[in-house]
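So this block is work-v1.tsv, TSV, C-alpha atoms and all ligand atoms:
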chain	number	residue	atom	x	y	z
I	1	MET	CA	0.00	0.00	0.00
I	2	GLY	CA	1.38	3.38	-0.95
I	3	LYS	CA	2.44	5.82	1.79
I	4	GLN	CA	-0.13	8.37	0.62
I	5	LEU	CA	-2.99	5.87	0.80
I	6	LYS	CA	-1.94	4.81	4.34
I	7	SER	CA	-1.93	8.44	5.52
I	8	LEU	CA	-5.31	8.98	3.89
I	9	ILE	CA	-6.82	5.96	5.70
I	10	LEU	CA	-5.29	7.07	9.03
I	11	ALA	CA	-6.59	10.62	8.60
I	12	GLY	CA	-10.05	9.28	7.63
I	13	THR	CA	-10.15	7.02	10.69
I	14	ALA	CA	-9.10	9.88	12.98
I	15	VAL	CA	-11.79	12.21	11.57
I	16	THR	CA	-14.52	9.52	11.79
I	17	THR	CA	-13.53	8.67	15.41
I	18	GLY	CA	-13.49	12.37	16.27
I	19	ILE	CA	-16.97	12.91	14.83
I	20	TYR	CA	-18.26	9.79	16.65
I	21	LEU	CA	-16.83	10.91	20.01
I	22	TRP	CA	-18.02	14.49	19.53
I	23	LYS	CA	-21.55	13.29	18.75
I	24	HIS	CA	-21.67	10.98	21.76
I	25	LEU	CA	-20.17	13.42	24.23
I	26	GLN	CA	-22.67	16.11	23.23
I	27	GLU	CA	-25.79	16.13	25.37
I	28	LYS	CA	-28.96	16.57	23.40
I	29	PRO	CA	-30.77	19.77	24.44
I	30	ASP	CA	-34.28	19.35	25.87
I	31	GLU	CA	-37.39	21.01	24.40
I	32	ASN	CA	-36.31	24.31	25.99
I	33	GLY	CA	-32.89	24.13	24.34
I	34	ARG	CA	-31.02	23.29	27.58
I	35	THR	CA	-28.48	20.50	27.86
I	36	PHE	CA	-28.38	18.49	31.07
I	37	LEU	CA	-24.98	19.91	31.96
I	38	GLN	CA	-26.06	23.51	31.31
I	39	GLN	CA	-29.18	23.13	33.43
I	40	TYR	CA	-27.93	20.85	36.24
I	41	GLY	CA	-24.12	21.27	36.20
I	42	PRO	CA	-21.33	21.82	36.62
I	43	TRP	CA	-21.64	20.60	40.24
I	44	ALA	CA	-24.24	18.45	41.99
I	45	ILE	CA	-24.64	17.70	45.68
I	46	VAL	CA	-25.81	14.18	46.52
I	47	THR	CA	-26.56	13.33	50.15
I	48	GLY	CA	-26.52	9.77	51.51
I	49	ALA	CA	-24.13	8.60	48.79
I	50	ALA	CA	-21.71	6.38	50.72
I	51	ARG	CA	-23.15	2.89	50.43
I	52	ALA	CA	-22.19	1.08	47.20
I	53	GLU	CA	-25.68	-0.50	46.90
I	54	GLY	CA	-27.58	2.71	47.71
I	55	LEU	CA	-29.66	5.01	45.54
I	56	GLY	CA	-27.39	7.95	46.39
I	57	TYR	CA	-24.38	6.28	44.81
I	58	GLY	CA	-26.63	5.29	41.89
I	59	PHE	CA	-27.40	8.99	41.36
I	60	ALA	CA	-23.74	9.89	41.73
I	61	ARG	CA	-22.72	7.31	39.10
I	62	GLN	CA	-25.28	8.41	36.54
I	63	LEU	CA	-24.49	12.09	37.12
I	64	ALA	CA	-20.76	11.45	36.78
I	65	GLY	CA	-21.58	9.63	33.55
I	66	ARG	CA	-23.06	12.93	32.35
I	67	HIS	CA	-19.85	14.76	33.30
I	68	VAL	CA	-21.33	16.48	36.38
I	69	ASN	CA	-18.82	17.10	39.23
I	70	LEU	CA	-19.95	15.91	42.63
I	71	VAL	CA	-20.11	16.95	46.26
I	72	LEU	CA	-20.99	13.75	48.12
I	73	VAL	CA	-22.30	13.97	51.68
I	74	ASP	CA	-22.71	11.12	54.13
I	75	ILE	CA	-22.09	10.16	57.72
I	76	LEU	CA	-20.09	7.02	56.76
I	77	ALA	CA	-16.50	8.27	56.32
I	78	ASP	CA	-14.65	5.25	54.89
I	79	GLU	CA	-17.40	4.25	52.47
I	80	LEU	CA	-17.77	7.82	51.27
I	81	GLN	CA	-14.05	8.15	50.49
I	82	ALA	CA	-14.15	4.81	48.64
I	83	ARG	CA	-17.12	5.97	46.49
I	84	ALA	CA	-15.44	9.31	45.78
I	85	ASP	CA	-12.24	7.56	44.65
I	86	GLU	CA	-14.19	5.15	42.41
I	87	LEU	CA	-16.10	7.96	40.71
I	88	ALA	CA	-13.04	10.13	40.13
I	89	ARG	CA	-11.16	7.12	38.70
I	90	ASP	CA	-13.98	5.74	36.51
I	91	TYR	CA	-15.58	8.96	35.22
I	92	HIS	CA	-12.79	11.57	35.42
I	93	VAL	CA	-15.03	14.06	37.25
I	94	ARG	CA	-14.09	16.14	40.27
I	95	VAL	CA	-15.48	14.74	43.53
I	96	ARG	CA	-15.51	16.36	46.96
I	97	PRO	CA	-16.55	13.99	49.78
I	98	VAL	CA	-17.97	15.68	52.88
I	99	VAL	CA	-18.34	13.53	55.99
I	100	LEU	CA	-21.19	15.09	57.91
I	101	ASP	CA	-23.94	14.17	60.33
I	102	LEU	CA	-26.93	15.88	58.72
I	103	GLY	CA	-28.85	15.35	61.96
I	104	ARG	CA	-26.72	18.00	63.63
I	105	THR	CA	-28.63	21.26	63.67
I	106	ASP	CA	-25.36	23.17	62.99
I	107	PHE	CA	-24.13	21.12	59.99
I	108	LEU	CA	-24.55	23.88	57.39
I	109	PRO	CA	-21.28	25.89	57.73
I	110	GLU	CA	-19.22	22.72	57.24
I	111	LEU	CA	-21.03	22.02	53.98
I	112	THR	CA	-21.04	25.56	52.62
I	113	ALA	CA	-17.30	25.77	53.38
I	114	VAL	CA	-16.90	23.09	50.69
I	115	THR	CA	-19.51	24.38	48.23
I	116	ASP	CA	-18.76	28.12	48.47
I	117	GLY	CA	-17.65	29.33	45.06
I	118	LEU	CA	-19.06	26.25	43.27
I	119	GLU	CA	-21.90	26.59	40.77
I	120	VAL	CA	-24.24	23.95	42.19
I	121	GLY	CA	-26.75	23.02	39.49
I	122	LEU	CA	-28.37	20.04	41.18
I	123	LEU	CA	-29.23	19.05	44.73
I	124	VAL	CA	-30.20	15.42	45.31
I	125	CYS	CA	-31.55	15.08	48.86
I	126	ASN	CA	-31.39	11.34	49.34
I	127	HIS	CA	-30.03	10.60	52.83
I	128	MET	CA	-32.30	9.15	55.48
I	129	PHE	CA	-32.25	7.53	58.85
I	130	THR	CA	-34.72	4.98	60.16
I	131	PRO	CA	-34.12	2.31	62.82
I	132	LYS	CA	-33.51	-1.16	61.38
I	133	GLU	CA	-35.72	-2.77	64.09
I	134	THR	CA	-38.85	-0.99	62.73
I	135	PRO	CA	-40.59	-0.43	66.08
I	136	THR	CA	-44.18	0.83	66.12
I	137	ILE	CA	-44.69	4.57	66.61
I	138	LEU	CA	-45.27	4.29	70.36
I	139	ASP	CA	-42.58	1.65	70.93
I	140	MET	CA	-39.94	3.86	69.36
I	141	ASP	CA	-38.32	6.17	71.91
I	142	LEU	CA	-38.92	9.88	71.58
I	143	ALA	CA	-35.23	10.69	71.08
I	144	THR	CA	-35.23	8.54	67.91
I	145	HIS	CA	-38.40	10.26	66.65
I	146	HIS	CA	-36.69	13.61	67.13
I	147	ALA	CA	-33.44	12.46	65.51
I	148	MET	CA	-35.43	11.27	62.49
I	149	LEU	CA	-37.14	14.64	62.20
I	150	ASP	CA	-33.75	16.39	62.33
I	151	ILE	CA	-32.21	14.16	59.67
I	152	ASN	CA	-35.18	13.51	57.37
I	153	ALA	CA	-37.17	16.75	57.68
I	154	ARG	CA	-35.09	19.55	59.17
I	155	ALA	CA	-31.94	18.81	57.10
I	156	TYR	CA	-34.01	18.50	53.90
I	157	THR	CA	-35.52	21.92	54.58
I	158	THR	CA	-32.11	23.47	55.29
I	159	LEU	CA	-30.53	22.06	52.13
I	160	VAL	CA	-33.48	23.03	49.92
I	161	HIS	CA	-33.58	26.54	51.36
I	162	VAL	CA	-29.87	27.30	50.98
I	163	TYR	CA	-29.19	25.73	47.59
I	164	GLY	CA	-32.64	26.57	46.20
I	165	ARG	CA	-31.94	30.27	46.81
I	166	GLN	CA	-28.51	29.91	45.23
I	167	MET	CA	-30.03	28.27	42.13
I	168	VAL	CA	-32.72	30.92	41.75
I	169	ALA	CA	-30.03	33.60	41.96
I	170	GLN	CA	-27.83	31.89	39.35
I	171	GLY	CA	-30.83	31.34	37.06
I	172	HIS	CA	-30.72	27.56	36.64
I	173	GLY	CA	-30.75	24.32	38.56
I	174	GLY	CA	-32.69	21.34	39.85
I	175	ILE	CA	-33.74	19.93	43.21
I	176	LEU	CA	-34.52	16.24	43.49
I	177	LEU	CA	-36.03	14.99	46.72
I	178	VAL	CA	-35.93	11.24	47.29
I	179	SER	CA	-39.11	10.56	49.23
I	180	SER	CA	-40.79	7.15	49.18
I	181	GLN	CA	-43.95	5.33	48.24
I	182	GLY	CA	-44.30	5.16	52.03
I	183	GLY	CA	-44.85	8.93	51.95
I	184	LEU	CA	-47.85	8.69	49.66
I	185	HIS	CA	-50.00	7.14	52.39
I	186	GLY	CA	-49.63	5.92	55.97
I	187	THR	CA	-47.27	2.96	56.27
I	188	PRO	CA	-47.66	0.94	59.49
I	189	TYR	CA	-44.49	-0.39	61.21
I	190	THR	CA	-42.47	2.39	59.60
I	191	GLY	CA	-44.86	5.12	60.72
I	192	ALA	CA	-42.29	7.77	61.63
I	193	TYR	CA	-40.41	7.14	58.37
I	194	SER	CA	-43.68	7.40	56.46
I	195	ALA	CA	-44.44	10.75	58.14
I	196	ASN	CA	-40.91	12.04	57.33
I	197	LYS	CA	-41.34	10.95	53.72
I	198	ALA	CA	-44.73	12.68	53.49
I	199	PHE	CA	-43.02	15.86	54.74
I	200	GLN	CA	-40.45	15.63	51.95
I	201	LEU	CA	-43.15	14.98	49.37
I	202	MET	CA	-45.26	17.97	50.41
I	203	LEU	CA	-42.21	20.23	50.63
I	204	GLY	CA	-41.11	19.22	47.13
I	205	GLU	CA	-44.51	19.41	45.46
I	206	SER	CA	-45.17	22.88	46.85
I	207	LEU	CA	-41.70	24.05	45.90
I	208	TRP	CA	-42.18	22.75	42.35
I	209	TYR	CA	-45.16	25.06	41.92
I	210	GLU	CA	-43.45	28.04	43.54
I	211	LEU	CA	-40.33	27.71	41.36
I	212	ARG	CA	-42.10	27.03	38.05
I	213	GLN	CA	-41.12	30.39	36.56
I	214	SER	CA	-37.57	30.39	37.91
I	215	ASN	CA	-35.78	27.84	35.68
I	216	VAL	CA	-35.15	25.73	38.78
I	217	ASP	CA	-36.76	22.32	38.33
I	218	VAL	CA	-38.08	20.39	41.31
I	219	LEU	CA	-38.81	16.69	41.27
I	220	VAL	CA	-39.98	14.33	44.01
I	221	LEU	CA	-39.05	10.68	43.55
I	222	THR	CA	-41.11	8.12	45.45
I	223	PRO	CA	-39.36	4.75	45.07
I	224	GLY	CA	-41.09	1.58	46.17
I	225	LEU	CA	-39.09	-1.38	47.40
I	226	THR	CA	-35.61	-1.05	45.91
I	227	ARG	CA	-32.68	-3.51	46.17
I	228	THR	CA	-30.38	-1.43	48.35
I	229	GLN	CA	-30.51	-3.32	51.63
I	230	GLY	CA	-29.03	-6.77	50.99
I	231	ASP	CA	-31.49	-9.47	52.04
I	232	ALA	CA	-33.63	-7.15	54.22
I	233	LEU	CA	-36.41	-7.11	51.61
I	234	ASP	CA	-36.46	-10.88	50.97
I	235	ASN	CA	-39.86	-11.38	52.61
I	236	TYR	CA	-41.62	-9.05	50.20
I	237	PRO	CA	-42.98	-10.37	46.88
I	238	ALA	CA	-40.00	-10.38	44.48
I	239	PHE	CA	-41.98	-8.79	41.63
I	240	MET	CA	-42.32	-5.62	43.74
I	241	LEU	CA	-38.54	-5.03	44.00
I	242	MET	CA	-36.68	-2.70	41.64
I	243	ASP	CA	-32.97	-2.31	40.97
I	244	VAL	CA	-31.25	1.00	41.65
I	245	GLU	CA	-30.23	1.85	38.07
I	246	PRO	CA	-33.73	2.01	36.49
I	247	VAL	CA	-35.08	4.01	39.46
I	248	VAL	CA	-32.33	6.60	39.08
I	249	ARG	CA	-32.60	6.64	35.28
I	250	GLU	CA	-36.36	7.28	35.37
I	251	ALA	CA	-35.90	10.09	37.90
I	252	LEU	CA	-33.15	11.88	35.98
I	253	ALA	CA	-35.03	11.49	32.68
I	254	ASN	CA	-38.01	13.31	34.21
I	255	LEU	CA	-36.16	16.24	35.77
I	256	GLY	CA	-37.71	19.36	34.27
I	257	ARG	CA	-40.58	17.33	32.84
I	258	GLN	CA	-42.57	16.02	35.82
I	259	HIS	CA	-42.96	17.09	39.42
I	260	LEU	CA	-43.38	13.53	40.76
I	261	VAL	CA	-41.94	10.21	39.64
I	262	ILE	CA	-43.32	6.90	40.89
I	263	PRO	CA	-40.74	4.62	39.30
I	264	GLY	CA	-41.53	1.39	37.46
I	265	PRO	CA	-44.82	-0.18	36.33
I	266	VAL	CA	-45.47	-2.18	39.53
I	267	ASN	CA	-45.16	0.88	41.80
I	268	LYS	CA	-47.40	2.87	39.44
I	269	LEU	CA	-49.98	0.09	39.44
I	270	PHE	CA	-49.83	-0.20	43.24
I	271	TYR	CA	-50.36	3.55	43.55
I	272	PHE	CA	-53.27	3.47	41.10
I	273	ALA	CA	-54.90	0.57	42.97
I	274	THR	CA	-54.50	2.17	46.40
I	275	THR	CA	-55.80	5.55	45.26
I	276	HIS	CA	-58.51	4.59	42.72
I	277	LEU	CA	-59.65	1.03	43.40
I	278	MET	CA	-60.03	1.08	47.18
I	279	SER	CA	-60.94	3.43	50.00
I	280	ARG	CA	-58.09	5.19	51.82
I	281	GLN	CA	-58.75	3.02	54.87
I	282	LYS	CA	-58.66	-0.17	52.80
I	283	ALA	CA	-55.40	1.04	51.21
I	284	LEU	CA	-53.94	1.61	54.68
I	285	ILE	CA	-54.91	-1.90	55.79
I	286	THR	CA	-53.50	-3.43	52.57
I	287	THR	CA	-50.23	-1.55	53.08
I	288	GLY	CA	-50.08	-2.51	56.77
I	289	ASP	CA	-50.61	-6.20	55.91
I	290	LEU	CA	-47.88	-6.05	53.26
I	291	MET	CA	-45.48	-4.43	55.72
I	292	ALA	CA	-46.34	-7.02	58.41
I	293	GLN	CA	-45.46	-9.78	55.93
I	294	GLY	CA	-42.26	-8.07	54.78
I	295	LEU	CA	-41.05	-7.24	58.28
I	296	ASN	CA	-42.13	-10.52	59.92
I	297	LYS	CA	-44.52	-8.80	62.35
I	301	LIG	N1	-34.39	1.11	49.39
I	301	LIG	C1	-35.69	1.26	49.36
I	301	LIG	O1	-36.46	0.27	49.28
I	301	LIG	C2	-36.29	2.64	49.38
I	301	LIG	C3	-37.66	2.76	49.15
I	301	LIG	C4	-38.23	4.03	49.16
I	301	LIG	C5	-37.45	5.14	49.40
I	301	LIG	N2	-36.12	5.00	49.63
I	301	LIG	C6	-35.35	6.21	49.90
I	301	LIG	O2	-34.19	6.25	49.10
I	301	LIG	C7	-33.16	6.99	49.77
I	301	LIG	C8	-31.88	6.15	49.76
I	301	LIG	O3	-32.12	4.97	50.47
I	301	LIG	P1	-31.25	3.65	50.28
I	301	LIG	O4	-32.17	2.51	50.38
I	301	LIG	O5	-30.40	3.80	49.10
I	301	LIG	O6	-30.45	3.63	51.65
I	301	LIG	P2	-28.99	4.01	52.08
I	301	LIG	O7	-27.97	3.55	51.11
I	301	LIG	O8	-28.91	3.52	53.47
I	301	LIG	O9	-28.96	5.61	52.03
I	301	LIG	C9	-29.06	6.43	53.10
I	301	LIG	C10	-27.68	6.99	53.43
I	301	LIG	O10	-27.88	8.12	54.30
I	301	LIG	C11	-26.93	8.01	55.35
I	301	LIG	N3	-27.30	8.72	56.55
I	301	LIG	C12	-28.09	8.30	57.56
I	301	LIG	N4	-28.14	9.22	58.54
I	301	LIG	C13	-27.35	10.24	58.12
I	301	LIG	C14	-26.97	11.47	58.71
I	301	LIG	N5	-27.41	11.81	59.93
I	301	LIG	N6	-26.16	12.29	58.04
I	301	LIG	C15	-25.68	11.93	56.83
I	301	LIG	N7	-25.99	10.78	56.22
I	301	LIG	C16	-26.83	9.95	56.86
I	301	LIG	C17	-26.90	6.51	55.60
I	301	LIG	O11	-25.84	6.14	56.44
I	301	LIG	P3	-26.11	4.93	57.52
I	301	LIG	O12	-26.09	3.68	56.69
I	301	LIG	O13	-25.02	5.03	58.51
I	301	LIG	O14	-27.45	5.16	58.15
I	301	LIG	C18	-26.81	5.99	54.19
I	301	LIG	O15	-25.49	5.99	53.71
I	301	LIG	C19	-33.69	7.27	51.19
I	301	LIG	O16	-34.18	8.59	51.28
I	301	LIG	C20	-34.82	6.27	51.32
I	301	LIG	O17	-35.80	6.70	52.23
I	301	LIG	C21	-35.51	3.78	49.63
Take the structure I supplied and represent it as C-alpha cells, if you would.
Ligand SMILES: NC(=O)c1ccc[n+]([C@@H]2O[C@H](COP(=O)([O-])OP(=O)(O)OC[C@H]3O[C@@H](n4cnc5c(N)ncnc54)[C@H](OP(=O)(O)O)[C@@H]3O)[C@@H](O)[C@H]2O)c1
Amino acid sequence: MGKQLKSLILAGTAVTTGIYLWKHLQEKPDENGRTFLQQYGPWAIVTGAARAEGLGYGFARQLAGRHVNLVLVDILADELQARADELARDYHVRVRPVVLDLGRTDFLPELTAVTDGLEVGLLVCNHMFTPKETPTILDMDLATHHAMLDINARAYTTLVHVYGRQMVAQGHGGILLVSSQGGLHGTPYTGAYSANKAFQLMLGESLWYELRQSNVDVLVLTPGLTRTQGDALDNYPAFMLMDVEPVVREALANLGRQHLVIPGPVNKLFYFATTHLMSRQKALITTGDLMAQGLNK
C-alpha cells in the first residue's frame, strides 16, 4: 500500500472517530434548548451517597456519567471516600466527599465551606435515617423520633432553602427529593419514616409550583421497594422489587418534565390501585398487611 494511501486511511479514521466521540459526548438539548450539563451542572450535591448499593451512589454514578462534578455527603467516612475515589477514577469528574452528620442542627457551615464558590446546578436530597428494628410509633423512643425529624425533615428543609436560593439567583438548577412510596400514604411499622417521607413529598410538590417560573426544576421521587438493603427485603414479593439503576434513570429522565416520579410499572400500578380502586382506609390496611409480611410482624 502506498504511503499516501496509508496516511489517507489514518486521517479518515481519525476524523470519523473524532466525529463519533463528539456526537456521543454532546448532550442533546431538551425542548427548551437546555443540555443536562447547562441546566444541572457543573456541580451536583448528593446526600446519603456512601453505600455502594444505595440510591445515592446510583445517582452519583449516573451524574458522573453525564460529566457532572460531585459533592458527596454522608455520615459514613470510609465508604464515602471509597465511592469518591471510584467515581473520580472511573468517570474523570471532580469529587468532593464531605463527611457530615446531617442530623446536627449546625451542619450547614461545614457544607457551605466546601460548596462556596461552586456553581451547584443540582441538589439530590437522598439521605435518610430509620431504625432497622422498625418499632411501632409508640414503641420507638422519643429521642429517635426527634433524631429522624432532624435528619429527614429539618436537614431536607435546610438544604433546599440554601441551595434553592442559590439556584434561583444563578438562574438555573434542579432539586430532586428522594421521598418514598411510604410517603404517599400511611405505612404501618415504619410510621415515623412514612411521616418524614410525606413531609419531603409535600415540601417538594409545593416548591415545584413556587419555582415554576424560575428555571429551577423540582422533582420528588417516590421509590417503592428497591434492592439497596441486601437481604432485608427478601420477605416481600419479588416482583415488587426494583434495581437502583432504572429508578435513578427514570428520575433523571423526568427532571424538568414532571414534578413527581413513581418509578416502574409495579409501583405505578400499586399507587393506582390504592388511590382509585379502594378506599383510603382499605389502602392503609392493605399496606399494613404487606409491611407485616415483609417485616415478619
Ligand atoms: N431502598 C428502598 O427500598 C427505598 C424505598 C423508598 C425510598 N427510599 C429512599 O431512598 C433513599 C436512599 O435509600 P437507600 O435505600 O439507598 O439507603 P442508604 O444507602 O442507606 O442511604 C441512606 C444513606 O444516608 C446516610 N445517613 C443516615 N443518617 C445520616 C446522617 N445523619 N447524616 C448523613 N448521612 C446519613 C446513611 O448512612 P447509615 O447507613 O449510617 O445510616 C446511608 O449511607 C432514602 O431517602 C430512602 O428513604 C428507599
Give the residues close to ligand LIG 301 (chain I), within 7 Å, counting all atoms listed in the file; write them as a compact mmCIF listing (two decimals) with C-alpha atoms, keeping the file's coordinate frame.
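Output below, filename selection25.txt:
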# COMPACT_ATOMS: atom_id res chain seq x y z
CA THR I 47 -26.56 13.33 50.15
CA GLY I 48 -26.52 9.77 51.51
CA ALA I 49 -24.13 8.60 48.79
CA ALA I 50 -21.71 6.38 50.72
CA ARG I 51 -23.15 2.89 50.43
CA GLU I 53 -25.68 -0.50 46.90
CA GLY I 54 -27.58 2.71 47.71
CA LEU I 55 -29.66 5.01 45.54
CA GLY I 56 -27.39 7.95 46.39
CA VAL I 73 -22.30 13.97 51.68
CA ASP I 74 -22.71 11.12 54.13
CA ILE I 75 -22.09 10.16 57.72
CA LEU I 76 -20.09 7.02 56.76
CA LEU I 100 -21.19 15.09 57.91
CA ASP I 101 -23.94 14.17 60.33
CA LEU I 102 -26.93 15.88 58.72
CA GLY I 103 -28.85 15.35 61.96
CA ASN I 126 -31.39 11.34 49.34
CA HIS I 127 -30.03 10.60 52.83
CA MET I 128 -32.30 9.15 55.48
CA PHE I 129 -32.25 7.53 58.85
CA ILE I 151 -32.21 14.16 59.67
CA VAL I 178 -35.93 11.24 47.29
CA SER I 179 -39.11 10.56 49.23
CA SER I 180 -40.79 7.15 49.18
CA GLN I 181 -43.95 5.33 48.24
CA GLY I 182 -44.30 5.16 52.03
CA THR I 222 -41.11 8.12 45.45
CA PRO I 223 -39.36 4.75 45.07
CA GLY I 224 -41.09 1.58 46.17
CA LEU I 225 -39.09 -1.38 47.40
CA THR I 226 -35.61 -1.05 45.91
CA ARG I 227 -32.68 -3.51 46.17
CA THR I 228 -30.38 -1.43 48.35
CA GLN I 229 -30.51 -3.32 51.63
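For the pair CA of Tyr209 (chain I) and CA of His185 (chain I), the interatomic distance is 21.3 Å.
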* **All residues 12 Å or closer to Thr130 (chain I), all atoms listed in the file, same chain fewer than 6 positions away omitted, as a PyMOL selection string** => chain I and resi 136-137+140+144-152+189-197
* Selection: 10 Å around Gly65 (chain I), only C-alpha atoms, excl. self and same-chain fewer than 5 positions, as number ranges by chain -> I: 59-60, 87, 90-93
Please produce a file of those selected residues containing C-alpha atoms, as a short mmCIF file (atom, residue, chain, number, x, y, z; two decimals), keeping the file's coordinate frame.
data_model
loop_
_atom_site.label_atom_id
_atom_site.label_comp_id
_atom_site.auth_asym_id
_atom_site.auth_seq_id
_atom_site.Cartn_x
_atom_site.Cartn_y
_atom_site.Cartn_z
CA PHE I 59 -27.40 8.99 41.36
CA ALA I 60 -23.74 9.89 41.73
CA LEU I 87 -16.10 7.96 40.71
CA ASP I 90 -13.98 5.74 36.51
CA TYR I 91 -15.58 8.96 35.22
CA HIS I 92 -12.79 11.57 35.42
CA VAL I 93 -15.03 14.06 37.25
#
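Comparing I:Val68, I:Val99, I:Leu184, I:Val46 by their smallest distance to Cys125 (chain I), the closest is I:Val46 (using all atoms listed in the file).
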* To do: Could you tell me how far CA of Thr187 (chain I) lies from CA of Gly288 (chain I), in Å and to one decimal?
  => 6.2 Å
* Structure fact -> Using all atoms listed in the file, the shortest atom-to-atom distance to His172 (chain I) among I:Ala253, I:Gly294, I:Val216, I:Thr112 belongs to I:Val216
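Closest approach to His161 (chain I) among I:Met291, I:Ile175, I:Ala198, I:Leu260: I:Ile175, based on only C-alpha atoms.
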